[in-house]
>>> print(open('data_37.csv').read())   # CSV, C-alpha atoms
chain,number,residue,atom,x,y,z
B,1039,MET,CA,0.0,0.0,0.0
B,1040,ASP,CA,0.9,3.7,-0.3
B,1041,VAL,CA,1.0,5.0,3.2
B,1042,LEU,CA,1.1,8.7,4.3
B,1043,VAL,CA,2.6,9.4,7.7
B,1044,ILE,CA,2.1,12.8,9.3
B,1045,GLY,CA,4.9,13.6,11.8
B,1046,ALA,CA,8.6,12.5,11.9
B,1047,GLY,CA,9.1,12.1,15.6
B,1048,VAL,CA,10.0,8.8,17.2
B,1049,GLY,CA,6.6,7.4,16.3
B,1050,GLY,CA,6.6,8.5,12.7
B,1051,LEU,CA,10.1,7.2,12.0
B,1052,ALA,CA,9.4,3.9,13.8
B,1053,VAL,CA,6.2,3.2,11.9
B,1054,ALA,CA,7.9,4.2,8.7
B,1055,ARG,CA,10.6,1.6,9.4
B,1056,SER,CA,8.0,-1.0,10.2
B,1057,LEU,CA,5.9,-0.5,7.1
B,1058,LEU,CA,8.8,-0.2,4.7
B,1059,ALA,CA,10.2,-3.5,6.0
B,1060,ALA,CA,6.7,-5.0,5.2
B,1061,GLY,CA,7.0,-3.9,1.6
B,1062,HIS,CA,4.7,-0.8,1.7
B,1063,GLN,CA,5.5,2.5,0.1
B,1064,VAL,CA,5.8,5.2,2.8
B,1065,ARG,CA,6.0,9.0,2.7
B,1066,VAL,CA,6.5,11.0,5.8
B,1067,TYR,CA,5.6,14.7,6.2
B,1068,GLU,CA,7.0,16.9,9.0
B,1069,GLN,CA,6.3,20.5,9.7
B,1070,ALA,CA,9.7,21.2,11.2
B,1071,PRO,CA,12.4,22.3,8.8
B,1072,ALA,CA,14.8,19.5,9.8
B,1073,MET,CA,15.2,16.6,12.2
B,1074,ARG,CA,14.5,17.8,15.8
B,1075,THR,CA,17.7,17.5,17.8
B,1076,GLY,CA,16.4,19.1,21.0
B,1077,GLY,CA,14.8,17.6,24.1
B,1078,ALA,CA,16.4,15.7,26.9
B,1079,GLY,CA,16.4,12.0,27.6
B,1080,LEU,CA,13.8,9.3,27.0
B,1081,THR,CA,13.3,6.3,29.3
B,1082,ILE,CA,13.1,3.0,27.3
B,1083,PHE,CA,11.7,0.1,29.3
B,1084,SER,CA,11.8,-3.6,28.2
B,1085,ASN,CA,8.6,-3.3,26.2
B,1086,GLY,CA,9.8,-0.4,24.1
B,1087,ALA,CA,13.2,-1.9,23.7
B,1088,ALA,CA,11.7,-5.2,22.5
B,1089,VAL,CA,9.8,-3.3,19.7
B,1090,LEU,CA,13.0,-1.4,18.7
B,1091,ASP,CA,14.8,-4.7,18.5
B,1092,ASP,CA,12.1,-6.0,16.2
B,1093,LEU,CA,12.6,-2.9,14.0
B,1094,GLY,CA,16.4,-3.7,13.8
B,1095,ILE,CA,17.3,-0.9,16.2
B,1096,SER,CA,20.0,-1.8,18.7
B,1097,LEU,CA,20.5,0.2,21.8
B,1098,ASP,CA,23.8,-1.4,22.6
B,1099,GLY,CA,26.5,1.2,23.3
B,1100,VAL,CA,24.1,4.2,23.7
B,1101,GLY,CA,22.5,5.7,26.7
B,1102,GLY,CA,22.7,4.3,30.2
B,1103,ARG,CA,21.2,1.0,31.5
B,1104,PHE,CA,19.5,1.0,34.8
B,1105,ASP,CA,19.0,-2.2,36.8
B,1106,ARG,CA,16.9,-0.9,39.6
B,1107,ILE,CA,14.7,2.0,40.6
B,1108,ASP,CA,15.1,3.3,44.2
B,1109,ALA,CA,12.2,5.5,45.4
B,1110,LEU,CA,13.5,7.7,48.2
B,1111,THR,CA,12.2,10.3,50.6
B,1112,ALA,CA,13.5,13.8,50.5
B,1113,ASP,CA,15.8,13.0,53.4
B,1114,GLY,CA,17.2,9.9,51.7
B,1115,ARG,CA,15.3,7.0,53.2
B,1116,LEU,CA,14.2,4.2,50.9
B,1117,ARG,CA,10.5,4.1,50.2
B,1118,LEU,CA,10.5,1.1,47.8
B,1119,ARG,CA,12.8,-0.6,45.3
B,1120,SER,CA,12.0,-2.0,41.9
B,1121,ASP,CA,14.3,-4.7,40.4
B,1122,MET,CA,14.5,-3.8,36.7
B,1123,ALA,CA,17.2,-6.4,36.2
B,1124,HIS,CA,14.5,-9.0,36.9
B,1125,ALA,CA,12.4,-7.5,34.0
B,1126,ALA,CA,15.4,-7.5,31.8
B,1127,ALA,CA,16.1,-11.2,32.5
B,1128,ARG,CA,12.4,-12.1,32.0
B,1129,TYR,CA,11.9,-10.3,28.8
B,1130,GLY,CA,15.4,-10.2,27.3
B,1131,PHE,CA,15.7,-6.4,27.2
B,1132,PRO,CA,17.2,-4.0,29.8
B,1133,SER,CA,15.8,-0.6,30.6
B,1134,ARG,CA,17.7,2.5,29.4
B,1135,SER,CA,17.9,6.2,29.4
B,1136,ILE,CA,18.8,7.5,26.0
B,1137,SER,CA,18.8,11.0,24.5
B,1138,ARG,CA,16.0,11.8,22.1
B,1139,ARG,CA,18.6,13.0,19.5
B,1140,LEU,CA,20.4,9.6,19.6
B,1141,LEU,CA,17.2,7.6,19.4
B,1142,LEU,CA,16.0,9.7,16.4
B,1143,GLU,CA,19.4,9.1,14.7
B,1144,ARG,CA,19.1,5.4,15.2
B,1145,LEU,CA,15.5,5.3,13.9
B,1146,SER,CA,16.4,7.3,10.8
B,1147,ASP,CA,19.6,5.3,10.0
B,1148,GLY,CA,19.2,3.4,6.7
B,1149,LEU,CA,15.9,5.1,5.7
B,1150,PRO,CA,15.7,6.4,2.2
B,1151,GLY,CA,17.0,9.9,1.9
B,1152,ASP,CA,13.9,11.3,0.3
B,1153,LEU,CA,11.5,9.6,2.7
B,1154,ILE,CA,10.8,12.6,4.9
B,1155,ARG,CA,9.5,15.9,3.5
B,1156,TYR,CA,10.6,18.4,6.1
B,1157,GLY,CA,9.0,21.9,6.3
B,1158,THR,CA,5.7,20.4,5.1
B,1159,GLY,CA,3.0,21.1,7.7
B,1160,CYS,CA,-0.3,19.3,7.4
B,1161,ARG,CA,-3.4,21.5,7.5
B,1162,ALA,CA,-6.2,19.1,6.6
B,1163,VAL,CA,-7.0,15.5,5.7
B,1164,ASN,CA,-9.9,13.9,4.0
B,1165,GLN,CA,-10.9,10.6,2.5
B,1166,ASP,CA,-13.1,9.4,-0.3
B,1167,GLY,CA,-13.7,5.7,-0.9
B,1168,ASP,CA,-10.4,3.9,-1.0
B,1169,ARG,CA,-8.1,7.0,-1.0
B,1170,VAL,CA,-6.9,9.5,1.6
B,1171,THR,CA,-5.6,13.0,0.9
B,1172,ALA,CA,-3.5,15.3,3.0
B,1173,ALA,CA,-3.3,19.0,2.2
B,1174,PHE,CA,-0.2,21.0,3.3
B,1175,ASP,CA,0.6,24.5,4.2
B,1176,ASP,CA,2.5,25.1,1.0
B,1177,GLY,CA,-0.6,24.3,-1.1
B,1178,SER,CA,0.5,20.9,-2.1
B,1179,THR,CA,-1.4,17.6,-1.5
B,1180,ALA,CA,-0.6,13.9,-1.3
B,1181,THR,CA,-2.9,11.0,-1.8
B,1182,GLY,CA,-2.4,7.4,-0.5
B,1183,ASP,CA,-4.2,4.2,0.6
B,1184,LEU,CA,-4.1,5.0,4.3
B,1185,LEU,CA,-2.9,7.8,6.6
B,1186,ILE,CA,-1.3,7.6,10.0
B,1187,GLY,CA,-1.4,10.7,12.3
B,1188,ALA,CA,1.8,10.6,14.3
B,1189,ASP,CA,1.8,14.4,14.8
B,1190,GLY,CA,1.8,14.6,18.6
B,1191,HIS,CA,0.2,16.7,21.2
B,1192,HIS,CA,-1.4,19.3,18.8
B,1193,SER,CA,-2.3,16.7,16.2
B,1194,VAL,CA,-3.9,18.2,13.1
B,1195,VAL,CA,-5.1,14.7,12.1
B,1196,ARG,CA,-6.8,14.1,15.4
B,1197,ARG,CA,-8.6,17.5,15.0
B,1198,ALA,CA,-9.7,16.6,11.5
B,1199,LEU,CA,-11.2,13.3,12.8
B,1200,TRP,CA,-12.7,14.4,16.1
B,1201,GLY,CA,-12.7,18.1,16.3
B,1202,ASP,CA,-11.2,19.9,19.4
B,1203,VAL,CA,-11.0,16.9,21.7
B,1204,PRO,CA,-10.5,18.2,25.3
B,1205,ILE,CA,-6.9,18.1,26.5
B,1206,ARG,CA,-6.8,18.4,30.2
B,1207,THR,CA,-4.0,20.0,32.3
B,1208,ALA,CA,-2.5,17.8,35.0
B,1209,THR,CA,-1.3,19.3,38.2
B,1210,PHE,CA,2.5,19.0,37.6
B,1211,GLY,CA,5.1,20.4,35.2
B,1212,THR,CA,8.6,19.2,34.7
B,1213,TRP,CA,11.9,21.1,34.5
B,1214,GLN,CA,14.3,18.6,32.8
B,1215,ALA,CA,17.8,18.3,31.4
B,1216,LEU,CA,20.3,15.8,30.0
B,1217,SER,CA,23.8,17.1,31.0
B,1218,PRO,CA,27.2,16.0,32.3
B,1219,VAL,CA,27.0,15.6,36.1
B,1220,ASP,CA,30.1,14.3,37.8
B,1221,ILE,CA,28.7,12.3,40.7
B,1222,GLU,CA,29.0,8.7,41.7
B,1223,LEU,CA,25.4,8.0,40.6
B,1224,THR,CA,26.2,8.9,37.0
B,1225,ARG,CA,28.6,5.9,37.0
B,1226,THR,CA,26.1,3.4,38.3
B,1227,HIS,CA,23.0,1.5,36.9
B,1228,VAL,CA,20.6,3.0,39.5
B,1229,HIS,CA,17.6,5.2,38.7
B,1230,LEU,CA,16.6,7.4,41.7
B,1231,MET,CA,13.0,8.7,42.1
B,1232,ILE,CA,12.9,11.1,45.1
B,1233,THR,CA,9.6,12.6,46.4
B,1234,GLY,CA,8.8,15.2,49.1
B,1235,ARG,CA,6.4,18.0,49.9
B,1236,GLU,CA,8.2,20.3,47.4
B,1237,GLY,CA,7.7,17.9,44.4
B,1238,ALA,CA,9.7,15.1,42.9
B,1239,CYS,CA,13.1,14.6,41.4
B,1240,GLY,CA,14.2,11.8,39.0
B,1241,LEU,CA,17.9,10.9,38.2
B,1242,ILE,CA,19.0,8.4,35.6
B,1243,PRO,CA,22.5,7.7,34.4
B,1244,ALA,CA,22.4,8.2,30.6
B,1245,GLY,CA,25.9,7.0,29.6
B,1246,ASP,CA,29.1,8.9,28.6
B,1247,GLY,CA,29.1,10.9,31.9
B,1248,LEU,CA,25.5,12.2,31.3
B,1249,LEU,CA,22.7,12.3,33.7
B,1250,GLN,CA,19.0,12.5,32.8
B,1251,TRP,CA,17.5,14.6,35.5
B,1252,TRP,CA,14.2,16.4,36.2
B,1253,PHE,CA,12.2,18.1,38.8
B,1254,ASP,CA,8.3,18.0,39.0
B,1255,VAL,CA,6.6,20.9,40.6
B,1256,ARG,CA,3.0,22.0,41.0
B,1257,TRP,CA,1.9,23.9,37.9
B,1258,SER,CA,-1.0,25.4,36.1
B,1259,PRO,CA,-1.0,27.0,32.6
B,1260,GLY,CA,-1.7,30.5,33.9
B,1261,GLU,CA,1.4,30.7,36.1
B,1262,PRO,CA,4.2,32.8,34.8
B,1263,ARG,CA,7.6,31.0,34.3
B,1264,PRO,CA,10.3,32.0,36.8
B,1265,ALA,CA,12.9,34.4,35.4
B,1266,ALA,CA,15.6,32.2,37.0
B,1267,PRO,CA,14.3,28.6,37.0
B,1268,LEU,CA,17.6,27.1,38.3
B,1269,ALA,CA,17.6,29.5,41.3
B,1270,MET,CA,14.0,28.5,42.0
B,1271,LEU,CA,14.9,24.8,41.9
B,1272,ARG,CA,17.9,25.3,44.2
B,1273,ARG,CA,15.7,27.2,46.7
B,1274,ARG,CA,13.0,24.5,46.5
B,1275,PHE,CA,15.0,21.3,46.5
B,1276,GLY,CA,18.5,22.3,47.6
B,1277,HIS,CA,18.0,21.1,51.2
B,1278,TRP,CA,17.1,17.6,50.0
B,1279,ALA,CA,19.5,14.7,50.7
B,1280,SER,CA,22.4,13.9,48.4
B,1281,PRO,CA,22.8,13.7,45.5
B,1282,VAL,CA,20.1,16.4,44.8
B,1283,PRO,CA,22.2,19.3,46.0
B,1284,GLU,CA,25.2,18.1,44.0
B,1285,VAL,CA,23.1,17.8,40.8
B,1286,LEU,CA,21.8,21.3,41.3
B,1287,ALA,CA,25.3,22.7,42.0
B,1288,GLN,CA,26.5,21.4,38.6
B,1289,ALA,CA,23.5,22.4,36.6
B,1290,SER,CA,23.3,25.3,34.2
B,1291,GLU,CA,20.3,27.5,33.2
B,1292,ASP,CA,21.1,26.5,29.6
B,1293,ASP,CA,20.5,22.9,30.4
B,1294,LEU,CA,16.9,23.4,31.5
B,1295,ASP,CA,13.7,22.8,29.5
B,1296,PHE,CA,10.1,23.0,30.8
B,1297,PHE,CA,6.9,21.2,29.8
B,1298,GLY,CA,3.6,21.1,31.5
B,1299,HIS,CA,1.8,17.8,32.0
B,1300,HIS,CA,-1.3,17.2,29.9
B,1301,TRP,CA,-3.7,14.3,29.6
B,1302,GLN,CA,-6.3,13.2,27.1
B,1303,LYS,CA,-8.9,10.5,27.7
B,1304,VAL,CA,-8.1,7.5,25.5
B,1305,ARG,CA,-10.8,6.8,23.0
B,1306,ARG,CA,-11.9,3.3,22.3
B,1307,VAL,CA,-11.8,4.2,18.6
B,1308,TRP,CA,-9.0,6.5,17.4
B,1309,GLY,CA,-9.5,6.7,13.7
B,1310,LYS,CA,-12.1,6.7,10.9
B,1311,GLY,CA,-12.0,4.8,7.7
B,1312,ARG,CA,-8.5,4.6,6.3
B,1313,ILE,CA,-7.1,7.1,8.9
B,1314,THR,CA,-5.7,6.2,12.3
B,1315,LEU,CA,-3.6,7.8,15.0
B,1316,LEU,CA,-0.4,6.8,16.8
B,1317,GLY,CA,1.5,8.0,19.9
B,1318,ASP,CA,0.7,11.2,21.6
B,1319,ALA,CA,-1.9,12.0,18.9
B,1320,ALA,CA,-3.9,9.1,20.2
B,1321,HIS,CA,-3.1,8.9,23.9
B,1322,LEU,CA,-1.4,12.0,25.3
B,1323,MET,CA,-0.5,11.4,29.0
B,1324,PRO,CA,1.8,12.8,31.7
B,1325,PRO,CA,5.4,11.4,31.8
B,1326,THR,CA,5.1,10.0,35.3
B,1327,LEU,CA,5.4,6.4,34.3
B,1328,GLY,CA,8.0,6.9,31.7
B,1329,GLN,CA,5.9,5.1,29.1
B,1330,GLY,CA,5.2,7.8,26.5
B,1331,ALA,CA,7.7,6.6,23.9
B,1332,ASN,CA,7.3,3.0,24.9
B,1333,GLN,CA,3.5,3.1,24.3
B,1334,THR,CA,4.2,4.7,20.9
B,1335,PHE,CA,6.5,1.8,20.0
B,1336,GLU,CA,3.8,-0.6,21.1
B,1337,ASP,CA,1.4,1.2,18.7
B,1338,VAL,CA,3.9,0.6,15.9
B,1339,TRP,CA,4.2,-3.1,16.7
B,1340,VAL,CA,0.5,-3.8,16.8
B,1341,LEU,CA,-0.3,-1.7,13.8
B,1342,GLY,CA,2.3,-3.5,11.7
B,1343,ARG,CA,1.0,-6.9,12.8
B,1344,SER,CA,-2.6,-5.9,12.1
B,1345,LEU,CA,-1.9,-4.6,8.6
B,1346,ALA,CA,0.1,-7.8,7.8
B,1347,GLN,CA,-3.0,-9.9,8.2
B,1348,GLY,CA,-4.4,-8.3,5.0
B,1349,GLY,CA,-8.1,-7.7,4.2
B,1350,ASP,CA,-10.1,-4.5,4.5
B,1351,VAL,CA,-7.8,-1.6,5.5
B,1352,ALA,CA,-10.4,0.2,7.7
B,1353,GLU,CA,-11.2,-3.1,9.5
B,1354,ARG,CA,-7.5,-3.7,10.2
B,1355,LEU,CA,-7.0,-0.2,11.6
B,1356,ARG,CA,-9.9,-0.6,13.9
B,1357,ALA,CA,-8.5,-4.0,15.0
B,1358,TYR,CA,-5.2,-2.3,15.8
B,1359,GLU,CA,-7.0,0.3,17.9
B,1360,ARG,CA,-9.0,-2.4,19.8
B,1361,ALA,CA,-5.9,-4.3,20.6
B,1362,ARG,CA,-4.1,-1.3,22.0
B,1363,TYR,CA,-7.0,0.2,24.0
B,1364,PRO,CA,-6.8,-2.0,27.2
B,1365,HIS,CA,-3.1,-1.6,27.6
B,1366,VAL,CA,-2.7,2.1,26.8
B,1367,SER,CA,-5.8,3.2,28.6
B,1368,LEU,CA,-4.4,1.5,31.8
B,1369,VAL,CA,-1.1,3.3,31.4
B,1370,SER,CA,-2.9,6.6,30.8
B,1371,ARG,CA,-5.1,6.3,33.9
B,1372,LEU,CA,-2.2,5.5,36.1
B,1373,ALA,CA,0.0,8.2,34.6
B,1374,ARG,CA,-2.8,10.8,35.2
B,1375,ARG,CA,-2.7,9.9,38.9
B,1376,SER,CA,1.0,10.8,39.0
B,1377,PRO,CA,2.2,7.7,40.9
B,1378,ALA,CA,5.8,9.0,40.6
B,1379,ASN,CA,4.8,11.8,42.9
B,1380,TRP,CA,3.2,9.6,45.5
B,1381,ARG,CA,4.9,9.7,48.9
B,1382,ILE,CA,4.6,6.0,49.9
B,1383,PRO,CA,5.7,5.6,53.5
B,1384,PRO,CA,8.9,3.5,53.8
B,1385,LEU,CA,7.1,1.0,56.1
B,1386,VAL,CA,4.5,0.4,53.4
B,1387,GLY,CA,7.1,0.3,50.6
B,1388,ARG,CA,9.0,-2.5,52.2
B,1389,LEU,CA,5.9,-4.7,51.9
B,1390,LEU,CA,5.8,-4.4,48.2
B,1391,SER,CA,7.6,-6.9,46.0
B,1392,GLU,CA,10.8,-5.6,44.3
B,1393,THR,CA,9.9,-7.6,41.1
B,1394,SER,CA,6.3,-6.3,40.8
B,1395,GLN,CA,7.4,-4.0,38.0
B,1396,SER,CA,8.0,-7.0,35.7
B,1397,ALA,CA,4.3,-8.0,35.9
B,1398,MET,CA,3.2,-4.4,35.5
B,1399,LEU,CA,5.2,-4.0,32.3
B,1400,ALA,CA,3.3,-7.1,30.9
B,1401,ARG,CA,0.0,-5.4,31.7
B,1402,PHE,CA,1.2,-2.3,29.9
B,1403,SER,CA,2.3,-4.2,26.8
B,1404,ASN,CA,1.0,-6.0,23.7
B,1405,ARG,CA,4.5,-6.8,22.6
B,1406,LEU,CA,5.7,-8.6,25.8
B,1407,THR,CA,2.5,-10.7,26.0
B,1408,ALA,CA,2.5,-11.2,22.2
B,1409,LEU,CA,-1.3,-10.5,21.8
B,1410,ALA,CA,-2.2,-10.3,18.2
B,1411,PRO,CA,-5.2,-8.1,17.2
B,1412,ALA,CA,-8.5,-10.1,16.7
>>> encode(input="data_37.csv", output="structure tokens")
Amino acid sequence: MDVLVIGAGVGGLAVARSLLAAGHQVRVYEQAPAMRTGGAGLTIFSNGAAVLDDLGISLDGVGGRFDRIDALTADGRLRLRSDMAHAAARYGFPSRSISRRLLLERLSDGLPGDLIRYGTGCRAVNQDGDRVTAAFDDGSTATGDLLIGADGHHSVVRRALWGDVPIRTATFGTWQALSPVDIELTRTHVHLMITGREGACGLIPAGDGLLQWWFDVRWSPGEPRPAAPLAMLRRRFGHWASPVPEVLAQASEDDLDFFGHHWQKVRRVWGKGRITLLGDAAHLMPPTLGQGANQTFEDVWVLGRSLAQGGDVAERLRAYERARYPHVSLVSRLARRSPANWRIPPLVGRLLSETSQSAMLARFSNRLTALAPA
């Protein structure tokens, strides 16, 4: 088939790789003038890593592996521990922190040079019978057999299908960075998640002396941004136990980026006819479970398997959406409740199994449980 993909982020590139490997013709349209190289790190859990491996993407030698997650109190006491090495042994893929730029480079490696039309923003889509047409800001159009909206938070394709679907503001926003931080944690395989009254802090070694770090603070869209965000973070979190003060001491204003958390209720049906959605366009959620990119890769895996079964295109797209709904809606509901910011008492945390994350990943995943769409 001739497939149009709107958006060249991690989802758009991943689905392009998948469908090209299956023998389809693919064209990708991206409004940005070139590949986006900004953004900090992404957390790739076993489910996302498994899909990347299926796509021929190796993560060996890039990013930082983490074998456990320690949830701590602000004064350094252990709340609970998750054994991610257990999940890696069970599923065959370790969890990693990797920069968005490096992941995009790996996803684009080997793709045809003319696959992506940069600087081509989509403004409308429509379909007639067995053809789908996208119209672009420069006045051009493209027609194909099916269209995939992988165009993110502000998806034009989603709006064309469903109108202005409510996107809700969550209660937290994140100041994040990926930068060199010379502390012992950076040289380990331990992911720290620290929570207190002031908010939350996440620290993950990302390889090559880099640390993926972020701070979650209460936020609403009407609030003005602080003129000096690093000074604000130091005032707010500087008294927390090590290594938080050391991270803040080595940070730079230039490292910081901010994004507010948003959430959209997952629809049971994402698309219409020969059009479907993928990634944030279909299931925007806060980053508190670290599953955003991983759920996008799950979409890619299920969509590829569904289309490979042949038959009516619209029927296969709806099968893809049905197969994904139970898993991604669970992730979305949990992420909305901001579990990363829960302050579980250490006494309670010690009662929880350190290997429970392995079972939870299976509940999040089509790929790890190998469920084919009906």
>>> residues_around(input="data_37.csv", residues="B:Pro1259", least_positions_apart="4", cutoff="12 Å", atoms="only C-alpha atoms", output="number ranges by chain")
B: 1206-1211, 1263, 1296-1300
>>> atom_distance(input="data_37.csv", atom1="atom CA of B:Ser1137", atom2="atom CA of B:Ala1244")
7.6 Å
>>> residues_around(input="data_37.csv", residues="stretch 1270-1285 of chain B", least_positions_apart="6", cutoff="10 Å", atoms="all atoms listed in the file", output="MDAnalysis selection string")
chainID B and resid 1110:1115 1213 1217:1223 1230 1232:1241 1249 1251 1253:1255 1264
>>> closest_residue(input="data_37.csv", among="B:Gly1247, B:Pro1132, B:Pro1204, B:Gly1099", to="B:Trp1301", atoms="only C-alpha atoms")
B:Pro1204
>>> residues_around(input="data_37.csv", residues="stretch 1351-1363 of chain B", least_positions_apart="6", cutoff="10 Å", atoms="only C-alpha atoms", output="MDAnalysis selection string")
chainID B and resid 1039 1168 1183:1184 1186 1304:1316 1320:1321 1333 1336:1345 1369 1402:1404 1409:1412
>>> residues_around(input="data_37.csv", residues="B:Ala1054", least_positions_apart="6", cutoff="12 Å", atoms="all atoms listed in the file", output="NGL selection string")
:B and (1040-1048 or 1060-1067 or 1093 or 1145-1150 or 1153-1154 or 1185-1188 or 1316 or 1335 or 1338-1339 or 1341-1342)
>>> closest_residue(input="data_37.csv", among="B:Ala1059, B:Ala1162, B:Val1053, B:Val1089", to="B:Ala1408", atoms="all atoms listed in the file")
B:Val1089
>>> closest_residue(input="data_37.csv", among="B:Leu1116, B:Ala1070, B:Met1323, B:Ala1109", to="B:Pro1384", atoms="all atoms listed in the file")
B:Leu1116
>>> closest_residue(input="data_37.csv", among="B:Thr1224, B:Asn1164, B:Thr1081, B:Ser1133", to="B:Arg1197", atoms="all atoms listed in the file")
B:Asn1164
>>> atom_distance(input="data_37.csv", atom1="atom CA of B:Ala1269", atom2="atom CA of B:Pro1243")
23.4 Å
>>> closest_residue(input="data_37.csv", among="B:Ile1382, B:Ala1265, B:Ala1123, B:Leu1372", to="B:Ser1396", atoms="all atoms listed in the file")
B:Ala1123
>>> atom_distance(input="data_37.csv", atom1="atom CA of B:Ser1370", atom2="atom CA of B:Gly1317")
11.8 Å
>>> residues_around(input="data_37.csv", residues="B:Ser1096", least_positions_apart="2", cutoff="12 Å", atoms="only C-alpha atoms", output="PyMOL selection string")
chain B and resi 1086-1094+1098-1101+1131-1132+1134+1136+1140-1141+1143-1145+1147
>>> write_last_selection(input="data_37.csv", atoms="C-alpha atoms", output="mmCIF file, in the coordinates of the input")
data_model
loop_
_atom_site.group_PDB
_atom_site.id
_atom_site.type_symbol
_atom_site.label_atom_id
_atom_site.label_comp_id
_atom_site.auth_asym_id
_atom_site.auth_seq_id
_atom_site.Cartn_x
_atom_site.Cartn_y
_atom_site.Cartn_z
ATOM 1 C CA GLY B 1086 9.800 -0.400 24.100
ATOM 2 C CA ALA B 1087 13.200 -1.900 23.700
ATOM 3 C CA ALA B 1088 11.700 -5.200 22.500
ATOM 4 C CA VAL B 1089 9.800 -3.300 19.700
ATOM 5 C CA LEU B 1090 13.000 -1.400 18.700
ATOM 6 C CA ASP B 1091 14.800 -4.700 18.500
ATOM 7 C CA ASP B 1092 12.100 -6.000 16.200
ATOM 8 C CA LEU B 1093 12.600 -2.900 14.000
ATOM 9 C CA GLY B 1094 16.400 -3.700 13.800
ATOM 10 C CA ASP B 1098 23.800 -1.400 22.600
ATOM 11 C CA GLY B 1099 26.500 1.200 23.300
ATOM 12 C CA VAL B 1100 24.100 4.200 23.700
ATOM 13 C CA GLY B 1101 22.500 5.700 26.700
ATOM 14 C CA PHE B 1131 15.700 -6.400 27.200
ATOM 15 C CA PRO B 1132 17.200 -4.000 29.800
ATOM 16 C CA ARG B 1134 17.700 2.500 29.400
ATOM 17 C CA ILE B 1136 18.800 7.500 26.000
ATOM 18 C CA LEU B 1140 20.400 9.600 19.600
ATOM 19 C CA LEU B 1141 17.200 7.600 19.400
ATOM 20 C CA GLU B 1143 19.400 9.100 14.700
ATOM 21 C CA ARG B 1144 19.100 5.400 15.200
ATOM 22 C CA LEU B 1145 15.500 5.300 13.900
ATOM 23 C CA ASP B 1147 19.600 5.300 10.000
#
>>> closest_residue(input="data_37.csv", among="B:Arg1055, B:Asp1292, B:Arg1374, B:Gln1395", to="B:Pro1324", atoms="only C-alpha atoms")
B:Arg1374
>>> decode(input="data_37.csv", residues="stretch 1211-1223 of chain B", atoms="N, CA and C atoms", output="short mmCIF file (atom, residue, chain, number, x, y, z; two decimals), in the first residue's frame")
data_model
loop_
_atom_site.label_atom_id
_atom_site.label_comp_id
_atom_site.auth_asym_id
_atom_site.auth_seq_id
_atom_site.Cartn_x
_atom_site.Cartn_y
_atom_site.Cartn_z
N GLY B 1211 4.23 20.13 36.38
CA GLY B 1211 5.07 20.43 35.23
C GLY B 1211 6.48 20.00 35.53
N THR B 1212 7.28 19.79 34.51
CA THR B 1212 8.62 19.24 34.67
C THR B 1212 9.68 20.19 34.13
N TRP B 1213 10.68 20.46 34.95
CA TRP B 1213 11.94 21.07 34.51
C TRP B 1213 12.92 19.93 34.32
N GLN B 1214 13.46 19.78 33.10
CA GLN B 1214 14.28 18.61 32.80
C GLN B 1214 15.56 19.00 32.07
N ALA B 1215 16.51 18.08 32.10
CA ALA B 1215 17.78 18.29 31.39
C ALA B 1215 18.46 16.95 31.19
N LEU B 1216 19.40 16.94 30.26
CA LEU B 1216 20.33 15.84 30.05
C LEU B 1216 21.70 16.49 29.93
N SER B 1217 22.54 16.29 30.93
CA SER B 1217 23.79 17.06 30.97
C SER B 1217 24.87 16.28 31.72
N PRO B 1218 26.15 16.67 31.54
CA PRO B 1218 27.23 16.02 32.30
C PRO B 1218 27.12 16.40 33.77
N VAL B 1219 27.07 15.39 34.63
CA VAL B 1219 27.03 15.61 36.07
C VAL B 1219 28.00 14.62 36.70
N ASP B 1220 29.08 15.13 37.28
CA ASP B 1220 30.15 14.27 37.79
C ASP B 1220 29.89 13.90 39.24
N ILE B 1221 29.00 12.91 39.42
CA ILE B 1221 28.74 12.34 40.74
C ILE B 1221 28.77 10.82 40.61
N GLU B 1222 28.85 10.13 41.72
CA GLU B 1222 28.95 8.68 41.70
C GLU B 1222 27.75 8.03 41.01
N LEU B 1223 26.56 8.56 41.24
CA LEU B 1223 25.36 7.98 40.65
C LEU B 1223 25.47 7.87 39.13
#
